[in-house]
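A.B. asks: Below you'll find the structure I mean.
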Number of protein chains: 2
Amino acid sequence: MAAIAMPKPSQETLSKRSRIVADLQKIVPGEGVICDEIEMRPYETDAFTAYRQLPLVVVLPETVDQVSRVLKYCYDNDVKVVPRGAGTSLSGGALPLEDGVLLSMMKFNRILEIDLQNRAVVTQPGVTNLGITKAVEADGFYYAPDPSSQIACSIGGNIAENSGGVHSLKYGLTTNNLLGLEIVLITGEVIRLGGKHLDSEAYDLLALLTGSEGLLAVVTEVTVRVLQKPETARAALIGFPTSEQAGKCVADIIGAGIIPGGMELMDKLAIDAAEDFVHAGYPLDVDALMIVELDGPEAEVDDLLERVSTIAEKNGSSYLRVSQSEEERNTFWAGRKAAFPAVGRISPDYLCMDGTIPRAALPQVLQEMQELSEKHGLRVANVFHAGDGNLHPLILYDANQPGELAAAEEFGADILRLCVKVGGVLTGEHGVGIEKRDLMPEMYSEDDLKQQQRVKCAFDEKQLLNPGKMFPVLHRCAELGFMHVHQGQLPFPDIPRF
Amino acid sequence: MAAIAMPKPSQETLSKRSRIVADLQKIVPGEGVICDEIEMRPYETDAFTAYRQLPLVVVLPETVDQVSRVLKYCYDNDVKVVPRGAGTSLSGGALPLEDGVLLSMMKFNRILEIDLQNRAVVTQPGVTNLGITKAVEADGFYYAPDPSSQIACSIGGNIAENSGGVHSLKYGLTTNNLLGLEIVLITGEVIRLGGKHLDSEAYDLLALLTGSEGLLAVVTEVTVRVLQKPETARAALIGFPTSEQAGKCVADIIGAGIIPGGMELMDKLAIDAAEDFVHAGYPLDVDALMIVELDGPEAEVDDLLERVSTIAEKNGSSYLRVSQSEEERNTFWAGRKAAFPAVGRISPDYLCMDGTIPRAALPQVLQEMQELSEKHGLRVANVFHAGDGNLHPLILYDANQPGELAAAEEFGADILRLCVKVGGVLTGEHGVGIEKRDLMPEMYSEDDLKQQQRVKCAFDEKQLLNPGKMFPVLHRCAELGFMHVHQGQLPFPDIPRF
């Protein structure tokens, strides 16, 4: 999608900026404040590239004290702040504001402590997800949540989005693997939550912060749980004549009490695209392909593979291949992990959705999605975390064909409404950001949204932290009794540009 | 411990009560309002029996609408409310207030839906913990968190306290097994959180509510995850010459990546008391006894038992016995589960603590606890969830000996300070309630507590829900900037009596 042109900042904005830049340079000296347009250009978007906006100024603090003082300055002077990790958000969570400070946490890039007896790693938030695993893998440990962007995305960003991955089915999302946080409030206060122990008394602010998309506080230190690598991991490719059979098989495997390390589904369009791109050896005569990974002690894995095969046969599977080596297992996954770019090769543009449903509704949703595809006249490729019920339908369109973007967006909104209809939610792991903000009333009643907003006010009464993301900003905290939210229409609303 | 005598209510209180009773009877007709002193007597305490207090009135609503109207009435008329489940709190969480409504949820006693394809049970909050398992066990499922009081405690109370149990090591606390809630705010608004799906967008209020000890809202409907029963479960009794060796063995088992279904430790005093009481066949020539339960497919359980035995031998174990039948496994657990009453037989009184520590600190803490025992001149029996690092030291004393209660309380406070010193917390699963309220500043800085309080205000600005529990009530929400918390001294502070 092309960048959207922005108007030039006004003279008043420019003069306000000069003052703010000068003040921030006193707090973060040297190269920690960037206000040159060319140097700010890399920060104008995240992985949701449909929107671009240069920030007022970029600040890269190096110490907790600097973060605290920057935030207190912004609080005292009513300046908005957008926190940013590696900028890999798929929902525009790190999109800058023209009149806001972009607070990059990427200089917080050190691992502080490895404590394997407590299965804990203490790290700064700018360390990448994979960087944590790299730090402990020599000892046979790893950090479980594994978003596709794990080589680039920061652990701080993972906390903001409550990131998952193909192994979340068994090992949970970020929130299930997080032990502690140090956060800085917009007022500059530094708060510690949790630690290397089970549970904590008091309100569970650790869980509350996870997935809060940068609206409640800025994370300056993270303690995560690491796990020992399973003794064995083997993957099975299982093909089915129809998606419905595959969906039913997923529900049956879980219903039998088996929790695979990962359980993914791809439909015909996704299989063909992935095979053509990476030659993973996928069968081309099936309509749905499941990748099931079982991990644990060898005896257990053998036993589970046997049980999974039996369940698959009962559901009419027509293809089965089990990995015989680590290399083969990686090849099976290579196709799945390259599925998004592979679909990018067969269509000029695509929209990636992220709805989540109770997994028993999988066959129904796959069926209705096909009907929606026909209704909107657009193809959809399905690649998703089946075990979690987390769908990633890719809607194929061509932005150069008049009307196709609008049709794709309407199709996407219909898919999310379908997810909500069957008892699901708008997003599993990509976040709401600006992308799905105006669909929130599909999910939540006015009372629900008001209570969400009251919690926001308990952290950020001036609404300076990442405003305009996740929730519409329609009122001040003092006006909560009079909140009124209009139901949105599209996943890409017209966001206010200030 | 003896009940503490309470002064008679004043004439003004009596007249205010008459008006409130009459108003509540309009909302909850029939026998749903109790104001007779004798009939209210069963509600005057919970399982933390050191304190007793008759409430202003007891209300037993039967519908969500009634709960909503009772709460709105209390909000409009500035009447305090103490929510109550089965009244099994060990920290005084359900202790009534003389000028407050006691809101019993025990008429919400129906299971609403069993949905095994989504591994979910939807239930009302007054259903007992074990009642959920009973409802699904014919299908081979169970609800994992298993507090010792599971036959009596309500699922609503489990949510208030974030209850755990001997299987929390592998299967998590309440928060890890909770999918959704319907709650009523003090203003009467009804809010739904989560559902039968993975994750949700927006702030994670579901996790925030869990463990909030009745201070944020009243739960009217619960959706929990149920699990399929493991194929096999076998338990091993492993004896050690010293507690330090046992503590080291726990850390080594976890460090090897093994997560047993349960891993408990008992020290000499607890072993002797339990064996004398239930004749579980425990060895009497060891100083520490570990019960390790491995569950899963048979092949895996055999493999894990082998590995656990090897680790135990390396740590100098002197006794090993593996259960050969389901009956024998239950006998192993019978001693552990009866350990508290067993200790009650060897001492006129005991205090049960609930500190939690990073498990690698176990040997150090066990050593220092022994030194504290000598310092205070009181015996301590240790029975605890070792794998979780969740200690339950039982401090033995005689309330009829002058000074012993005070010494026991000081010993208890020292133990909790020790837990905090090594990076732990005040409570693993019993809650703060009134018991540990004044120790909160040991854990939390003033900024931490202020932020906790701001979250409370976002739900209950008038502080009408369960005031005086978990946090000192020292200021109104409007005064948050001027909060000042004094550090408490004892686990049983003088709580305000109005």
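Every chain in the structure tokens has a letter given in the order shown (A, B, ...), and although residue numbers restart at 1 in each chain, ligands are simply numbered from 1 in the order shown.
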For the alpha helix (DSSP H) assignment from backbone DSSP, which residues of region 90-203 of chain B qualify? Please present them as a ChimeraX atom specification.

C.D. replies: /B:129-136,155-161,168-171

A.B. asks: Using only C-alpha atoms, I'd like every residue of chain A that has an atom within 7 Å of chain B; please write them out as a VMD selection string.

C.D. replies: chain A and resid 116 to 118 189 191 196 to 205 207 to 208 211 to 212 227 to 228 251 255 257 297 299 to 300 356 to 360 388 424 to 428 431 to 432 447 to 448 452 454 to 455 458 470

A.B. asks: Please dump the current selection as a short mmCIF file (atom, residue, chain, number, x, y, z; two decimals), in the first residue's frame; keep N, CA and C atoms.

C.D. replies:
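Full text of part38.cif as output:
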```cif
data_model
loop_
_atom_site.label_atom_id
_atom_site.label_comp_id
_atom_site.auth_asym_id
_atom_site.auth_seq_id
_atom_site.Cartn_x
_atom_site.Cartn_y
_atom_site.Cartn_z
N LEU A 116 19.22 -19.61 36.00
CA LEU A 116 18.56 -20.85 35.54
C LEU A 116 17.96 -21.66 36.67
N GLN A 117 18.51 -21.52 37.87
CA GLN A 117 17.92 -22.25 39.01
C GLN A 117 16.48 -21.80 39.24
N ASN A 118 16.23 -20.52 38.96
CA ASN A 118 14.86 -20.03 39.05
C ASN A 118 14.20 -19.96 37.67
N GLU A 189 7.01 8.13 37.97
CA GLU A 189 7.17 7.16 39.07
C GLU A 189 7.62 5.81 38.52
N ILE A 191 7.80 1.77 39.13
CA ILE A 191 7.06 0.75 39.87
C ILE A 191 7.59 -0.63 39.49
N LYS A 196 10.79 -13.17 40.60
CA LYS A 196 11.13 -14.55 40.25
C LYS A 196 10.34 -15.57 41.05
N HIS A 197 9.15 -15.21 41.48
CA HIS A 197 8.38 -16.08 42.35
C HIS A 197 7.00 -16.31 41.76
N LEU A 198 6.33 -17.29 42.32
CA LEU A 198 4.95 -17.57 41.92
C LEU A 198 4.03 -16.48 42.46
N ASP A 199 3.12 -16.00 41.64
CA ASP A 199 2.06 -15.14 42.10
C ASP A 199 2.56 -13.92 42.88
N SER A 200 1.68 -13.04 43.25
CA SER A 200 1.97 -11.90 44.11
C SER A 200 0.68 -11.49 44.76
N GLU A 201 0.78 -10.88 45.94
CA GLU A 201 -0.42 -10.31 46.53
C GLU A 201 -0.78 -9.04 45.74
N ALA A 202 -1.88 -8.40 46.12
CA ALA A 202 -2.34 -7.15 45.52
C ALA A 202 -2.89 -7.39 44.11
N TYR A 203 -3.43 -6.32 43.51
CA TYR A 203 -4.02 -6.45 42.18
C TYR A 203 -2.94 -6.86 41.18
N ASP A 204 -3.31 -7.71 40.24
CA ASP A 204 -2.33 -8.27 39.31
C ASP A 204 -2.02 -7.28 38.18
N LEU A 205 -1.25 -6.25 38.53
CA LEU A 205 -0.91 -5.22 37.53
C LEU A 205 0.05 -5.76 36.48
N ALA A 207 -0.19 -8.67 34.93
CA ALA A 207 -1.04 -9.16 33.84
C ALA A 207 -1.76 -8.01 33.15
N LEU A 208 -2.13 -7.01 33.94
CA LEU A 208 -2.85 -5.87 33.36
C LEU A 208 -1.99 -5.12 32.34
N GLY A 211 -0.10 -6.68 27.17
CA GLY A 211 -1.11 -6.48 26.14
C GLY A 211 -1.77 -5.13 26.20
N SER A 212 -1.22 -4.20 26.98
CA SER A 212 -1.87 -2.89 27.11
C SER A 212 -1.41 -1.91 26.03
N LEU A 227 12.32 -22.00 29.61
CA LEU A 227 12.02 -23.43 29.77
C LEU A 227 13.16 -24.27 29.22
N GLN A 228 13.29 -25.47 29.77
CA GLN A 228 14.27 -26.36 29.19
C GLN A 228 13.74 -26.92 27.88
N ALA A 251 -10.29 -29.97 16.62
CA ALA A 251 -11.15 -30.01 17.82
C ALA A 251 -11.06 -31.38 18.49
N GLY A 255 -9.87 -32.22 22.11
CA GLY A 255 -10.90 -32.89 22.91
C GLY A 255 -10.41 -34.19 23.52
N GLY A 257 -7.61 -34.45 24.85
CA GLY A 257 -6.70 -34.10 25.93
C GLY A 257 -5.25 -33.97 25.49
N PRO A 297 9.55 -36.13 26.12
CA PRO A 297 10.41 -37.32 26.11
C PRO A 297 10.05 -38.19 24.91
N ALA A 299 9.54 -41.35 24.36
CA ALA A 299 8.47 -42.35 24.50
C ALA A 299 7.11 -41.67 24.39
N GLU A 300 7.00 -40.48 25.01
CA GLU A 300 5.72 -39.76 24.97
C GLU A 300 5.41 -39.30 23.55
N THR A 356 -9.86 -14.51 16.60
CA THR A 356 -9.70 -15.72 17.40
C THR A 356 -11.08 -16.25 17.79
N ILE A 357 -11.27 -17.56 17.69
CA ILE A 357 -12.58 -18.16 17.96
C ILE A 357 -12.45 -19.35 18.90
N PRO A 358 -13.53 -19.71 19.60
CA PRO A 358 -13.51 -20.98 20.33
C PRO A 358 -13.27 -22.08 19.30
N ARG A 359 -12.32 -22.97 19.57
CA ARG A 359 -11.86 -23.84 18.48
C ARG A 359 -12.93 -24.79 17.96
N ALA A 360 -13.95 -25.07 18.76
CA ALA A 360 -15.02 -25.95 18.27
C ALA A 360 -15.79 -25.31 17.12
N ASP A 388 -5.13 -22.99 18.82
CA ASP A 388 -5.56 -21.84 19.62
C ASP A 388 -6.87 -21.25 19.13
N GLY A 424 -15.93 -15.38 19.64
CA GLY A 424 -14.50 -15.10 19.60
C GLY A 424 -14.19 -13.63 19.77
N VAL A 425 -12.97 -13.25 19.41
CA VAL A 425 -12.51 -11.88 19.60
C VAL A 425 -11.82 -11.35 18.35
N LEU A 426 -11.52 -10.05 18.36
CA LEU A 426 -10.99 -9.37 17.18
C LEU A 426 -9.53 -9.67 16.89
N THR A 427 -8.79 -10.02 17.93
CA THR A 427 -7.36 -10.21 17.72
C THR A 427 -6.80 -11.25 18.68
N GLY A 428 -5.92 -12.11 18.17
CA GLY A 428 -5.29 -13.10 19.01
C GLY A 428 -3.94 -12.63 19.50
N GLY A 431 -2.71 -7.38 18.19
CA GLY A 431 -3.10 -6.14 18.85
C GLY A 431 -4.19 -5.39 18.09
N VAL A 432 -4.74 -4.39 18.75
CA VAL A 432 -5.80 -3.58 18.16
C VAL A 432 -5.20 -2.38 17.42
N ASP A 447 -20.73 -0.12 28.71
CA ASP A 447 -20.25 -0.27 30.09
C ASP A 447 -18.85 -0.90 30.12
N ASP A 448 -18.64 -1.91 29.26
CA ASP A 448 -17.32 -2.54 29.18
C ASP A 448 -16.25 -1.50 28.84
N GLN A 452 -12.94 -0.05 30.91
CA GLN A 452 -11.59 -0.06 30.35
C GLN A 452 -10.97 1.33 30.46
N ARG A 454 -11.73 3.74 32.51
CA ARG A 454 -11.43 4.12 33.90
C ARG A 454 -10.08 3.57 34.33
N VAL A 455 -9.77 2.35 33.86
CA VAL A 455 -8.47 1.76 34.20
C VAL A 455 -7.35 2.58 33.54
N ALA A 458 -6.62 5.53 35.56
CA ALA A 458 -5.89 5.25 36.80
C ALA A 458 -4.38 5.27 36.56
N MET A 470 -5.90 1.52 20.17
CA MET A 470 -6.75 0.56 20.90
C MET A 470 -8.16 1.08 21.18
#
```

A.B. asks: Quick check for you: according to DSSP on this backbone, which residues of region 70-283 of chain B are classed as strand (DSSP E or B)? Reply as JSON, numbers by chain.

C.D. replies: {"B": [80, 81, 82, 83, 84, 100, 101, 102, 103, 104, 111, 112, 113, 114, 115, 120, 121, 122, 123, 128, 141, 142, 154, 178, 179, 180, 181, 182, 183, 184, 190, 191, 192, 193, 194, 218, 219, 220, 221, 222, 223, 224, 225, 227, 228, 232, 233, 234, 235, 236, 237, 238, 239, 240, 262, 263, 264, 265, 266, 267]}

A.B. asks: For the atom pair CA of Asn77 (chain B) and CA of Gln53 (chain B), what is the interatomic distance in Å to one decimal place?

C.D. replies: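 Separating CA of Asn77 (chain B) from CA of Gln53 (chain B) is a distance of 21.9 Å.
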
A.B. asks: Using only C-alpha atoms, determine which residues lie at most 10 Å from Pro393 (chain B), disregarding the query and same-chain residues fewer than 6 positions distant; provide the list as a PyMOL selection string.

C.D. replies: chain B and resi 266-267+270+350-355+366+369+379-384+412+415

A.B. asks: If you count only C-alpha atoms, which residues fall within 7 Å of Pro55 (chain A), apart from same-chain ones fewer than 2 positions away, as a ChimeraX atom specification?

C.D. replies: /A:44,53,57-58,96-102

A.B. asks: Filtering to C-alpha atoms, could you give me those residues as a short mmCIF file (atom, residue, chain, number, x, y, z; two decimals), in the first residue's frame?

C.D. replies:
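What landed in result38.cif:
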```cif
data_model
loop_
_atom_site.label_atom_id
_atom_site.label_comp_id
_atom_site.auth_asym_id
_atom_site.auth_seq_id
_atom_site.Cartn_x
_atom_site.Cartn_y
_atom_site.Cartn_z
CA GLU A 44 7.49 7.10 10.62
CA GLN A 53 3.56 9.93 10.26
CA VAL A 57 10.85 14.31 17.92
CA VAL A 58 12.48 10.92 18.58
CA PRO A 96 4.00 8.22 15.73
CA LEU A 97 1.97 11.37 16.38
CA GLU A 98 2.82 14.64 14.70
CA ASP A 99 2.64 16.42 18.04
CA GLY A 100 4.02 13.58 20.17
CA VAL A 101 7.41 12.36 21.35
CA LEU A 102 8.41 8.97 19.93
#
```
